[in-house]
Amino acid sequence: MIKFFVLILSFVCSVSQAQQENTPQVFATVGPEFRSERNAEQNVAPKQMTSLSLGVGYSHWIYFLETGSFEETSGNSSLLVKRKFENYLGGVIFESETIFLKSKPFLAGLFGFSRELIDTTVTGQTTNDVSRPYWVGGAGTGLRLANINPIWVSIEVRLVFSEHQDPSPSVGGLLRLGLLL
Amino acid sequence: MKREIHRLQVIMIVFLGVLSGMVLSACQGRIRDQHPGAVQVRIPMYSNNAYKLQTIELISIDDMRTLGGWAARFFLSPTLSRGKLVGMQPQINTIRTESGEYIATDSFSLQLLTLYAHMEKLTLLDDELGISRGDESREPRTVAIKVNMMSESGQPDSDNARYNGKLDAFLFAPYLREDLPLTVNAGVIAHEHFHSIFYKTVIQPLGDKYPGPDGNLHGNDQKLLKHFGFEEAASSENVGLLSERDIYHAVLLRGLNEGLADIWGWLYSDDTAFVRRSLPQVEESRTLSSGELKLKSTKELRAQAQAYHSWGNSNAVSYELGSQYGRILFASLNQFAGDPVKMKEMKKKMGQKINSALQKMTIHFQSLPGDEMMTTEFFLQQLQVEIPEVKIEYKAAK
Ligand SMILES: [Zn+2]
């Protein structure tokens, strides 16, 4: 199924020659992203982070860099673990011309890495650690409200694969608010 | 411009190629952190009067995610079914640093990793001391965490750890305090581990001759087992049928079990006040380095055990006696405090000799005539014979 999805995406990519002459557009969005993660007690719980994207758009294509992070703390005052998760991704969006539910459907692909920063406090003494980078890839699809240019409002469903996270792939969602100037 | 778009699309195709490769590999199953052989983990360990993060090498872990390995097998909030614990296996979350160390990313994972490490180290210590568990195949120890146990009053139990001999399992109730969690307290874990040694050296060989339903004091095991549905063992009604002699011996053996478990906690962790580190409300008397070196006489213990005449209440007497044993043995080894090398050697020897003295005491106990009682001093006298280089001194009440 996923392989099929990727094939479609690469097909769309190679056939759409973006024939119109275009000047590049600035793409900047911010919004909450949700991703599922399994904790030590085996429950899959959603994690929320704030995602920031910055990029350029050419006609149907938008190339962007994205970063997001969240923090969580666990334990008691004698044994405290603070965890910061960070995402660094490059991505591309291909947007269709078709209007569906007053919106333009799009496909998105992502690739990059994540890392985690852990501060462990044991009876008052804190030690800081950083993970090595873990590879991350993903694919998504979504809808962007049409006819409100240059404002960008979109909702996206994502499947994220990671070398480190569990479950992998994890299903996530992303709301983007921003501009395409 | 057209040329530029073309180049971007080449990048795009390369990107999608890499992505689909990743997707395919990820679809074949999550890449697991499997490490046969040694791994480095960073966990809180006791040194110089405080708990600090230290890097420890573990040799028994096969799967870091599920903490699979020969030292321990974890059950999360298990239930009892046909006399066996059944429950989910937790999975821990860790990161790996550039230098290859594993770091837990949440407190619960850190607690499990630390508990696992102590189970491995305690098993290796048993090997070093020549204490056989009777299973050379290295079956992992059963460790239940976040266990829903009942306290004596029937309330959900918390801030407690026990060893249950019938299940051969360590049971940790949820820890709700702000102090050091029991699951990372090296002394507490070693204390519980000793209960398993005592169970296999004394309680199991005595079988029906053991004067009471079970050997250690952290809560009423009968109620616990009943709660789990372990009806066979739920025979606390029989306690009322125990003779005066049995009650005395039960209090004595339970006291000895607790006192030696406290010594084991110190032998392993070097911490003399480990109980209070997690449970500050526990009396100062549990601290090994405090108080006089008194020992209750047989007569005194008989009178006290008789006066209480009920299991719940005689616990206090057992603990009191246990603290006396603990302090006496601590003081006997503390003579070597000025010489760390000698101290280390003597601690190891004490561990070995406690075990052999217990075996001899068990044989003695089995052969006692029906009208004779084992004295409160018997074990210490036996141990003194085994370890003449350590002077075991105390004031025995007449
Ligand atoms: Zn105990």
# chains A, B, ... in the order shown; residues from 1 in each chain; ligands from 1

$ residues_near_ligand --ligand "ligand 1" --cutoff "10 Å" --atoms "only C-alpha atoms and all ligand atoms" --output "number ranges by chain"
B: 161-163, 188-195, 215-219, 254-262, 265, 319, 322

$ select_by_dssp --residues "range 14-175 of chain A" --states "strand (DSSP E or B)" --output "PyMOL selection string"
chain A and resi 25-38+44-58+61-76+79-95+100+103-122+125-131+134-145+151-162+170-175

$ residues_around --residues "Gln42 in chain A" --least-positions-apart "6" --cutoff "10 Å" --atoms "only C-alpha atoms" --output "compact mmCIF listing (two decimals) with C-alpha atoms, in the first residue's frame"
# COMPACT_ATOMS: atom_id res chain seq x y z
CA ASP A 166 7.77 3.22 18.12
CA LEU B 76 3.68 -4.77 34.43
CA MET B 88 2.35 -7.49 30.01
CA GLN B 89 6.06 -7.01 29.50
CA PRO B 90 6.97 -3.33 29.55
CA GLN B 91 9.18 -1.78 26.89
CA ILE B 92 11.68 0.86 27.84

$ residues_around --residues "range 59-69 of chain B" --least-positions-apart "6" --cutoff "10 Å" --atoms "only C-alpha atoms" --output "list in words"
Ala40 of chain A; Arg32, Asp33, Gln34, His35, Pro36, Gly37, Ala38, Val39, Gln40, Gln89, Pro90, Gln91, Ile92, Asn93, Thr94, Tyr102, Ser109, Leu112, Leu113, Tyr116, Ala117, Glu120, Lys121, Arg138, Glu139, Pro140 and Arg141 of chain B

$ residues_around --residues "Val171 in chain A" --least-positions-apart "4" --cutoff "7 Å" --atoms "only C-alpha atoms" --output "PyMOL selection string"
chain A and resi 35-36+158-160

$ closest_residue --among "A:Glu66, A:Glu95, A:Asp129, A:Glu71" --to "chain B" --atoms "only C-alpha atoms"
A:Asp129

$ residues_around --residues "Val136 in chain A" --least-positions-apart "2" --cutoff "10 Å" --atoms "only C-alpha atoms" --output "PyMOL selection string"
(chain A and resi 87-89+110-115+133-134+138+160-165+168-169) or (chain B and resi 19+22-23)
